[in-house]
Amino acid sequence: DRRGKLLRAVNVKHVVAFHSLEVRGLELVGEFPEHYSKLYEVTDAVARAYVAARAIYDLDPKSTLERMASDNFDPLRDVVLDVPIHLETKGIFHGEAAIKLYENNRVQINAQLSEAGVLVLTDAFHPGWKVFVDGKEQTIRRANYLFRAVELPAGNHRVEFVYDPISFKLGLVISSLTAALFITIPLVGWLRRRAALTQSRSAFSPSPVSSIADRSS
């Protein structure tokens, strides 16, 4: 049952098993005897993007996963972050998140919060990602050890996750320089060969001889 809860917390929607599973939160939706397998749907899995009202600080991966599988953890309300932050809830928290654009290197989300909270995107955390809130760059957080998140104040916000790693920029510069060298080196060699050929022709060409008619005149 704890594993089933952990699956819901990490946005897993389906599980394939080669034997029957009696796990709370997993519902059998298909059987495939020819493949000796069964397909289970994970009910009540968190959305790909959601807003959490309470932040828990924990750096240890094992401890984080144990927290997420415990009965005290509400995956729709709680989030484990890699930094300690304080979220003060004065009343009933209400938050919504809707993905408006989803691409390989860009994700746009509209978020609404009645109070300050944390927007969680259940996509893999990587240092190459940046986050912008209402057009201003903010600090991206590691959420539930696996995912990306950002702190948000109360109100309506437009959040954009952008993949912009330094390694990509460095690779682009190196590729551009390499391409320039591949073009420049043959061109320089061709110009040198042409200049050398011109000089050799000038050295071996005979000097012009004046004609008798020119001398007599």
# chains A, B, ... in the order shown; residues from 1 in each chain; ligands from 1

$ select_by_dssp --residues "stretch 97-177 of chain A" --states "strand (DSSP E or B)" --output "CSV table (one decimal) with all heavy atoms, in the first residue's frame"
chain,number,residue,atom,x,y,z
A,97,ALA,N,-3.5,24.8,-11.1
A,97,ALA,CA,-2.4,24.9,-12.1
A,97,ALA,C,-2.9,24.2,-13.4
A,97,ALA,O,-3.4,23.1,-13.4
A,97,ALA,CB,-1.1,24.2,-11.6
A,98,ALA,N,-2.7,24.9,-14.5
A,98,ALA,CA,-3.1,24.4,-15.8
A,98,ALA,C,-2.0,24.6,-16.8
A,98,ALA,O,-1.4,25.7,-16.9
A,98,ALA,CB,-4.4,25.2,-16.3
A,99,ILE,N,-1.6,23.5,-17.4
A,99,ILE,CA,-0.5,23.6,-18.4
A,99,ILE,C,-1.0,24.1,-19.7
A,99,ILE,O,-2.0,23.6,-20.3
A,99,ILE,CB,0.1,22.2,-18.6
A,99,ILE,CG1,0.8,21.7,-17.3
A,99,ILE,CG2,1.2,22.2,-19.7
A,99,ILE,CD1,1.4,20.3,-17.4
A,100,LYS,N,-0.5,25.2,-20.2
A,100,LYS,CA,-0.9,25.9,-21.4
A,100,LYS,C,0.0,25.5,-22.6
A,100,LYS,O,-0.5,25.6,-23.8
A,100,LYS,CB,-1.0,27.4,-21.2
A,100,LYS,CG,-2.0,27.8,-20.2
A,100,LYS,CD,-3.4,27.4,-20.5
A,100,LYS,CE,-4.4,27.8,-19.5
A,100,LYS,NZ,-5.8,27.4,-19.9
A,101,LEU,N,1.2,25.2,-22.4
A,101,LEU,CA,2.1,24.8,-23.4
A,101,LEU,C,3.1,23.8,-22.9
A,101,LEU,O,3.7,24.0,-21.8
A,101,LEU,CB,2.9,26.1,-24.0
A,101,LEU,CG,4.0,25.8,-25.0
A,101,LEU,CD1,3.4,25.3,-26.3
A,101,LEU,CD2,4.8,27.1,-25.2
A,102,TYR,N,3.3,22.7,-23.7
A,102,TYR,CA,4.2,21.7,-23.2
A,102,TYR,C,5.1,21.3,-24.4
A,102,TYR,O,4.6,20.7,-25.4
A,102,TYR,CB,3.5,20.5,-22.7
A,102,TYR,CG,4.4,19.5,-21.9
A,102,TYR,CD1,4.6,19.6,-20.6
A,102,TYR,CD2,5.1,18.5,-22.6
A,102,TYR,CE1,5.4,18.8,-19.9
A,102,TYR,CE2,5.9,17.7,-22.0
A,102,TYR,CZ,6.1,17.8,-20.6
A,102,TYR,OH,7.0,16.9,-19.9
A,106,ARG,N,10.4,23.7,-23.1
A,106,ARG,CA,9.6,24.8,-22.6
A,106,ARG,C,8.2,24.4,-22.1
A,106,ARG,O,7.6,23.6,-22.8
A,106,ARG,CB,9.4,25.9,-23.7
A,106,ARG,CG,8.8,27.2,-23.2
A,106,ARG,CD,8.6,28.1,-24.4
A,106,ARG,NE,9.9,28.4,-25.0
A,106,ARG,CZ,10.7,29.4,-24.7
A,106,ARG,NH1,10.3,30.2,-23.7
A,106,ARG,NH2,11.8,29.6,-25.3
A,107,VAL,N,7.9,24.8,-20.9
A,107,VAL,CA,6.6,24.4,-20.3
A,107,VAL,C,6.0,25.7,-19.7
A,107,VAL,O,6.6,26.4,-18.9
A,107,VAL,CB,6.7,23.4,-19.3
A,107,VAL,CG1,5.3,23.0,-18.7
A,107,VAL,CG2,7.4,22.1,-19.8
A,108,GLN,N,4.8,26.1,-20.2
A,108,GLN,CA,4.1,27.2,-19.6
A,108,GLN,C,2.9,26.8,-18.8
A,108,GLN,O,2.1,26.0,-19.3
A,108,GLN,CB,3.7,28.2,-20.8
A,108,GLN,CG,4.8,28.8,-21.5
A,108,GLN,CD,4.3,29.7,-22.7
A,108,GLN,OE1,3.1,29.8,-23.0
A,108,GLN,NE2,5.3,30.3,-23.3
A,109,ILE,N,2.7,27.4,-17.6
A,109,ILE,CA,1.7,27.0,-16.7
A,109,ILE,C,1.0,28.3,-16.2
A,109,ILE,O,1.7,29.2,-15.8
A,109,ILE,CB,2.2,26.2,-15.5
A,109,ILE,CG1,3.0,24.9,-16.1
A,109,ILE,CG2,1.1,25.8,-14.6
A,109,ILE,CD1,3.7,24.2,-15.0
A,110,ASN,N,-0.3,28.3,-16.1
A,110,ASN,CA,-1.0,29.3,-15.4
A,110,ASN,C,-1.4,28.8,-14.0
A,110,ASN,O,-2.0,27.7,-13.9
A,110,ASN,CB,-2.3,29.7,-16.2
A,110,ASN,CG,-2.0,30.5,-17.5
A,110,ASN,OD1,-0.8,30.9,-17.6
A,110,ASN,ND2,-2.9,30.6,-18.3
A,111,ALA,N,-1.1,29.5,-13.0
A,111,ALA,CA,-1.3,29.1,-11.6
A,111,ALA,C,-2.1,30.2,-10.9
A,111,ALA,O,-1.9,31.4,-11.1
A,111,ALA,CB,0.0,28.8,-10.9
A,112,GLN,N,-3.1,29.7,-10.0
A,112,GLN,CA,-3.9,30.5,-9.2
A,112,GLN,C,-3.7,30.1,-7.7
A,112,GLN,O,-4.0,28.9,-7.5
A,112,GLN,CB,-5.3,30.5,-9.6
A,112,GLN,CG,-5.5,31.0,-11.0
A,112,GLN,CD,-7.0,31.0,-11.5
A,112,GLN,OE1,-7.8,30.4,-10.8
A,112,GLN,NE2,-7.3,31.6,-12.6
A,113,LEU,N,-3.4,31.0,-6.8
A,113,LEU,CA,-3.2,30.6,-5.4
A,113,LEU,C,-3.9,31.6,-4.5
A,113,LEU,O,-3.8,32.8,-4.7
A,113,LEU,CB,-1.7,30.6,-5.0
A,113,LEU,CG,-0.8,29.6,-5.8
A,113,LEU,CD1,-0.3,30.2,-7.0
A,113,LEU,CD2,0.4,29.3,-4.9
A,117,GLY,N,2.3,29.5,-2.0
A,117,GLY,CA,2.4,28.0,-2.1
A,117,GLY,C,3.6,27.7,-3.0
A,117,GLY,O,4.4,28.5,-3.4
A,118,VAL,N,3.6,26.4,-3.4
A,118,VAL,CA,4.7,25.9,-4.2
A,118,VAL,C,4.1,25.2,-5.5
A,118,VAL,O,3.3,24.3,-5.3
A,118,VAL,CB,5.6,24.9,-3.5
A,118,VAL,CG1,6.7,24.3,-4.4
A,118,VAL,CG2,6.2,25.6,-2.3
A,119,LEU,N,4.5,25.7,-6.6
A,119,LEU,CA,4.0,25.0,-7.9
A,119,LEU,C,5.0,23.9,-8.2
A,119,LEU,O,6.2,24.1,-8.3
A,119,LEU,CB,4.0,26.0,-9.0
A,119,LEU,CG,3.8,25.4,-10.4
A,119,LEU,CD1,2.3,24.9,-10.5
A,119,LEU,CD2,4.0,26.5,-11.5
A,120,VAL,N,4.4,22.7,-8.3
A,120,VAL,CA,5.2,21.5,-8.6
A,120,VAL,C,4.9,21.0,-10.0
A,120,VAL,O,3.8,20.9,-10.4
A,120,VAL,CB,4.9,20.4,-7.6
A,120,VAL,CG1,5.8,19.1,-7.9
A,120,VAL,CG2,5.1,20.9,-6.2
A,121,LEU,N,6.0,20.8,-10.8
A,121,LEU,CA,5.9,20.2,-12.1
A,121,LEU,C,6.5,18.8,-12.0
A,121,LEU,O,7.7,18.7,-11.8
A,121,LEU,CB,6.6,21.1,-13.1
A,121,LEU,CG,6.6,20.5,-14.6
A,121,LEU,CD1,5.2,20.4,-15.1
A,121,LEU,CD2,7.4,21.4,-15.5
A,122,THR,N,5.8,17.8,-12.2
A,122,THR,CA,6.3,16.4,-12.0
A,122,THR,C,7.1,16.0,-13.3
A,122,THR,O,6.8,14.9,-13.8
A,122,THR,CB,5.2,15.4,-11.7
A,122,THR,OG1,4.2,15.5,-12.8
A,122,THR,CG2,4.5,15.7,-10.4
A,123,ASP,N,8.0,16.8,-13.7
A,123,ASP,CA,9.0,16.4,-14.7
A,123,ASP,C,10.4,16.4,-14.0
A,123,ASP,O,10.6,17.1,-13.0
A,123,ASP,CB,9.0,17.5,-15.8
A,123,ASP,CG,7.8,17.3,-16.8
A,123,ASP,OD1,7.1,16.3,-16.6
A,123,ASP,OD2,7.7,18.1,-17.7
A,124,ALA,N,11.3,15.7,-14.6
A,124,ALA,CA,12.6,15.4,-14.0
A,124,ALA,C,13.4,16.7,-13.7
A,124,ALA,O,13.4,17.6,-14.6
A,124,ALA,CB,13.4,14.5,-14.9
A,129,TRP,N,17.5,23.5,-16.3
A,129,TRP,CA,16.2,24.2,-16.4
A,129,TRP,C,16.2,25.5,-15.6
A,129,TRP,O,16.9,25.6,-14.6
A,129,TRP,CB,15.1,23.3,-15.9
A,129,TRP,CG,14.7,22.2,-16.8
A,129,TRP,CD1,15.2,20.9,-16.9
A,129,TRP,CD2,13.8,22.3,-17.9
A,129,TRP,NE1,14.6,20.2,-17.9
A,129,TRP,CE2,13.7,21.0,-18.5
A,129,TRP,CE3,12.9,23.3,-18.3
A,129,TRP,CZ2,12.9,20.7,-19.6
A,129,TRP,CZ3,12.1,23.0,-19.3
A,129,TRP,CH2,12.0,21.8,-20.0
A,130,LYS,N,15.5,26.5,-16.2
A,130,LYS,CA,15.3,27.7,-15.5
A,130,LYS,C,13.8,28.0,-15.4
A,130,LYS,O,13.0,27.4,-16.1
A,130,LYS,CB,16.0,28.9,-16.3
A,130,LYS,CG,17.5,28.8,-16.4
A,130,LYS,CD,18.0,30.0,-17.1
A,130,LYS,CE,19.6,29.9,-17.2
A,130,LYS,NZ,20.1,31.1,-18.0
A,131,VAL,N,13.4,28.9,-14.5
A,131,VAL,CA,12.0,29.1,-14.3
A,131,VAL,C,11.8,30.6,-14.2
A,131,VAL,O,12.6,31.4,-13.6
A,131,VAL,CB,11.4,28.5,-13.0
A,131,VAL,CG1,12.1,29.0,-11.8
A,131,VAL,CG2,9.9,28.6,-13.0
A,132,PHE,N,10.7,31.1,-14.9
A,132,PHE,CA,10.3,32.5,-14.9
A,132,PHE,C,8.9,32.6,-14.4
A,132,PHE,O,8.0,31.9,-14.9
A,132,PHE,CB,10.5,33.1,-16.3
A,132,PHE,CG,11.9,33.0,-16.9
A,132,PHE,CD1,12.4,31.8,-17.5
A,132,PHE,CD2,12.7,34.1,-16.8
A,132,PHE,CE1,13.7,31.8,-18.0
A,132,PHE,CE2,14.0,34.1,-17.3
A,132,PHE,CZ,14.5,32.9,-17.9
A,133,VAL,N,8.7,33.5,-13.5
A,133,VAL,CA,7.4,33.8,-12.9
A,133,VAL,C,7.0,35.2,-13.4
A,133,VAL,O,7.6,36.2,-13.0
A,133,VAL,CB,7.3,33.7,-11.4
A,133,VAL,CG1,6.0,34.0,-10.9
A,133,VAL,CG2,7.8,32.3,-11.0
A,136,LYS,N,9.8,37.2,-14.8
A,136,LYS,CA,11.1,37.4,-14.0
A,136,LYS,C,11.6,36.1,-13.6
A,136,LYS,O,10.9,35.2,-13.1
A,136,LYS,CB,10.8,38.3,-12.8
A,136,LYS,CG,10.3,39.7,-13.2
A,136,LYS,CD,10.0,40.5,-11.9
A,136,LYS,CE,9.6,41.9,-12.2
A,136,LYS,NZ,9.3,42.7,-11.0
A,137,GLU,N,12.9,35.9,-13.8
A,137,GLU,CA,13.6,34.6,-13.4
A,137,GLU,C,13.6,34.4,-11.9
A,137,GLU,O,13.9,35.3,-11.1
A,137,GLU,CB,15.0,34.6,-13.9
A,137,GLU,CG,15.7,33.2,-13.7
A,137,GLU,CD,17.0,33.1,-14.3
A,137,GLU,OE1,17.5,34.1,-15.0
A,137,GLU,OE2,17.7,32.0,-14.2
A,138,GLN,N,13.2,33.2,-11.5
A,138,GLN,CA,13.2,32.9,-10.1
A,138,GLN,C,14.0,31.6,-9.9
A,138,GLN,O,14.5,31.0,-10.8
A,138,GLN,CB,11.7,32.6,-9.6
A,138,GLN,CG,10.8,33.8,-9.8
A,138,GLN,CD,11.1,34.9,-8.9
A,138,GLN,OE1,11.7,34.8,-7.9
A,138,GLN,NE2,10.7,36.1,-9.3
A,141,ARG,N,13.4,25.0,-7.7
A,141,ARG,CA,13.7,24.1,-6.5
A,141,ARG,C,13.5,22.6,-6.9
A,141,ARG,O,12.8,22.3,-7.9
A,141,ARG,CB,12.6,24.4,-5.4
A,141,ARG,CG,12.6,25.8,-4.9
A,141,ARG,CD,14.0,26.2,-4.3
A,141,ARG,NE,13.9,27.6,-3.7
A,141,ARG,CZ,15.0,28.2,-3.3
A,141,ARG,NH1,16.2,27.7,-3.4
A,141,ARG,NH2,14.8,29.4,-2.8
A,142,ARG,N,14.2,21.8,-6.2
A,142,ARG,CA,14.1,20.3,-6.4
A,142,ARG,C,12.9,19.8,-5.5
A,142,ARG,O,13.0,19.9,-4.3
A,142,ARG,CB,15.4,19.6,-6.0
A,142,ARG,CG,15.4,18.2,-6.4
A,142,ARG,CD,16.8,17.6,-6.1
A,142,ARG,NE,16.9,16.3,-6.8
A,142,ARG,CZ,18.0,15.9,-7.5
A,142,ARG,NH1,19.0,16.7,-7.6
A,142,ARG,NH2,18.0,14.7,-8.0
A,143,ALA,N,11.9,19.3,-6.1
A,143,ALA,CA,10.7,18.9,-5.4
A,143,ALA,C,10.5,17.4,-5.3
A,143,ALA,O,10.7,16.7,-6.4
A,143,ALA,CB,9.4,19.5,-6.0
A,147,PHE,N,11.5,16.1,-9.0
A,147,PHE,CA,10.8,17.0,-9.8
A,147,PHE,C,11.3,18.4,-9.7
A,147,PHE,O,12.2,18.7,-8.9
A,147,PHE,CB,9.3,16.9,-9.6
A,147,PHE,CG,8.8,15.5,-9.7
A,147,PHE,CD1,8.0,14.9,-8.7
A,147,PHE,CD2,9.1,14.7,-10.8
A,147,PHE,CE1,7.5,13.6,-8.8
A,147,PHE,CE2,8.6,13.4,-10.9
A,147,PHE,CZ,7.8,12.9,-9.9
A,148,ARG,N,10.6,19.3,-10.4
A,148,ARG,CA,10.9,20.8,-10.4
A,148,ARG,C,9.8,21.5,-9.7
A,148,ARG,O,8.6,21.2,-9.8
A,148,ARG,CB,11.1,21.3,-11.8
A,148,ARG,CG,12.1,20.5,-12.6
A,148,ARG,CD,12.5,21.2,-13.9
A,148,ARG,NE,11.5,21.3,-14.9
A,148,ARG,CZ,11.3,20.4,-15.9
A,148,ARG,NH1,12.0,19.4,-16.0
A,148,ARG,NH2,10.4,20.6,-16.8
A,149,ALA,N,10.2,22.6,-9.1
A,149,ALA,CA,9.2,23.4,-8.4
A,149,ALA,C,9.6,24.9,-8.3
A,149,ALA,O,10.8,25.2,-8.5
A,149,ALA,CB,8.9,22.9,-7.0
A,150,VAL,N,8.7,25.8,-7.9
A,150,VAL,CA,9.0,27.2,-7.7
A,150,VAL,C,8.0,27.7,-6.7
A,150,VAL,O,6.9,27.4,-6.7
A,150,VAL,CB,9.0,28.0,-9.0
A,150,VAL,CG1,7.6,27.9,-9.6
A,150,VAL,CG2,9.4,29.4,-8.8
A,151,GLU,N,8.5,28.6,-5.8
A,151,GLU,CA,7.7,29.3,-4.8
A,151,GLU,C,6.8,30.3,-5.5
A,151,GLU,O,7.4,31.1,-6.4
A,151,GLU,CB,8.5,29.9,-3.7
A,151,GLU,CG,9.4,28.9,-3.0
A,151,GLU,CD,10.3,29.6,-2.0
A,151,GLU,OE1,9.9,30.4,-1.2
A,151,GLU,OE2,11.5,29.3,-2.1
A,152,LEU,N,5.6,30.5,-5.1
A,152,LEU,CA,4.7,31.5,-5.7
A,152,LEU,C,4.0,32.2,-4.6
A,152,LEU,O,3.5,31.6,-3.6
A,152,LEU,CB,3.7,30.8,-6.6
A,152,LEU,CG,4.2,30.2,-7.9
A,152,LEU,CD1,3.0,29.5,-8.7
A,152,LEU,CD2,5.0,31.1,-8.8
A,155,GLY,N,-2.1,34.8,-5.6
A,155,GLY,CA,-2.5,35.6,-6.8
A,155,GLY,C,-2.5,34.7,-8.1
A,155,GLY,O,-2.3,33.5,-8.0
A,156,ASN,N,-2.6,35.3,-9.2
A,156,ASN,CA,-2.6,34.6,-10.5
A,156,ASN,C,-1.2,34.8,-11.1
A,156,ASN,O,-0.7,36.0,-11.2
A,156,ASN,CB,-3.6,35.2,-11.5
A,156,ASN,CG,-5.0,35.0,-10.9
A,156,ASN,OD1,-5.3,34.1,-10.1
A,156,ASN,ND2,-6.0,35.8,-11.4
A,157,HIS,N,-0.6,33.8,-11.7
A,157,HIS,CA,0.8,33.9,-12.2
A,157,HIS,C,0.9,33.1,-13.5
A,157,HIS,O,0.2,32.0,-13.7
A,157,HIS,CB,1.8,33.4,-11.1
A,157,HIS,CG,1.7,34.1,-9.8
A,157,HIS,ND1,2.2,35.3,-9.6
A,157,HIS,CD2,1.1,33.7,-8.6
A,157,HIS,CE1,1.9,35.7,-8.4
A,157,HIS,NE2,1.3,34.7,-7.8
A,158,ARG,N,1.8,33.5,-14.3
A,158,ARG,CA,2.2,32.8,-15.5
A,158,ARG,C,3.6,32.3,-15.3
A,158,ARG,O,4.6,33.1,-15.1
A,158,ARG,CB,2.2,33.7,-16.7
A,158,ARG,CG,2.5,33.1,-18.0
A,158,ARG,CD,2.4,34.0,-19.2
A,158,ARG,NE,2.7,33.5,-20.5
A,158,ARG,CZ,3.9,33.5,-21.0
A,158,ARG,NH1,4.9,34.2,-20.3
A,158,ARG,NH2,4.2,33.0,-22.1
A,159,VAL,N,3.8,31.0,-15.2
A,159,VAL,CA,5.1,30.4,-14.9
A,159,VAL,C,5.6,29.7,-16.2
A,159,VAL,O,4.8,29.0,-16.9
A,159,VAL,CB,4.9,29.4,-13.8
A,159,VAL,CG1,6.3,28.7,-13.4
A,159,VAL,CG2,4.3,30.0,-12.6
A,160,GLU,N,6.9,29.9,-16.4
A,160,GLU,CA,7.5,29.2,-17.6
A,160,GLU,C,8.8,28.6,-17.2
A,160,GLU,O,9.7,29.2,-16.7
A,160,GLU,CB,7.7,30.3,-18.7
A,160,GLU,CG,8.2,29.7,-20.0
A,160,GLU,CD,8.3,30.8,-21.1
A,160,GLU,OE1,8.5,31.9,-20.8
A,160,GLU,OE2,8.1,30.4,-22.3
A,161,PHE,N,8.8,27.3,-17.5
A,161,PHE,CA,10.1,26.5,-17.3
A,161,PHE,C,10.8,26.4,-18.7
A,161,PHE,O,10.2,26.0,-19.7
A,161,PHE,CB,9.8,25.1,-16.8
A,161,PHE,CG,9.3,25.0,-15.4
A,161,PHE,CD1,7.9,25.1,-15.1
A,161,PHE,CD2,10.1,24.9,-14.3
A,161,PHE,CE1,7.4,25.1,-13.8
A,161,PHE,CE2,9.7,24.9,-13.0
A,161,PHE,CZ,8.3,25.0,-12.7
A,162,VAL,N,12.0,26.8,-18.7
A,162,VAL,CA,12.8,26.8,-19.9
A,162,VAL,C,14.1,26.0,-19.8
A,162,VAL,O,14.8,26.2,-18.8
A,162,VAL,CB,13.1,28.3,-20.4
A,162,VAL,CG1,13.9,28.3,-21.7
A,162,VAL,CG2,11.8,29.1,-20.5
A,163,TYR,N,14.4,25.2,-20.7
A,163,TYR,CA,15.6,24.4,-20.7
A,163,TYR,C,16.7,25.2,-21.4
A,163,TYR,O,16.7,25.4,-22.6
A,163,TYR,CB,15.5,23.1,-21.4
A,163,TYR,CG,16.7,22.1,-21.2
A,163,TYR,CD1,17.0,21.7,-19.9
A,163,TYR,CD2,17.4,21.7,-22.3
A,163,TYR,CE1,18.1,20.9,-19.8
A,163,TYR,CE2,18.5,20.9,-22.1
A,163,TYR,CZ,18.8,20.4,-20.9
A,163,TYR,OH,19.9,19.6,-20.7

$ residues_around --residues "A:Ile85" --least-positions-apart "4" --cutoff "8 Å" --atoms "only C-alpha atoms" --output "PDB file with C-alpha atoms, in the first residue's frame"
ATOM      1  CA  ALA A  55       6.711  22.535   2.220  1.00  0.00           C
ATOM      2  CA  ILE A  56       8.846  19.983   4.061  1.00  0.00           C
ATOM      3  CA  TYR A  57      12.630  20.248   4.080  1.00  0.00           C
TER       4      TYR A  57
END

$ atom_distance --atom1 "atom CA of A:Gly25" --atom2 "atom CA of A:Gly4"
6.0 Å

$ atom_distance --atom1 "atom CA of A:Arg8" --atom2 "atom CA of A:Gly30"
19.1 Å

$ residues_around --residues "stretch 10-12 of chain A" --least-positions-apart "3" --cutoff "8 Å" --atoms "only C-alpha atoms" --output "list of chain:residue names"
A:Leu6, A:Leu7, A:Val15, A:Val42, A:Ala45, A:Val46, A:Ala47, A:Arg48, A:Thr122

$ atom_distance --atom1 "atom CA of A:Asp82" --atom2 "atom CA of A:Phe125"
11.6 Å

$ closest_residue --among "A:Arg2, A:Glu31, A:Arg67, A:Val83" --to "A:Thr139" --atoms "only C-alpha atoms"
A:Val83

$ residues_around --residues "A:Gly91" --least-positions-apart "2" --cutoff "12 Å" --atoms "only C-alpha atoms" --output "list in words"
Ala53, Glu88, Thr89, Phe93, His94, Ser114, Glu115 and Ala116 of chain A
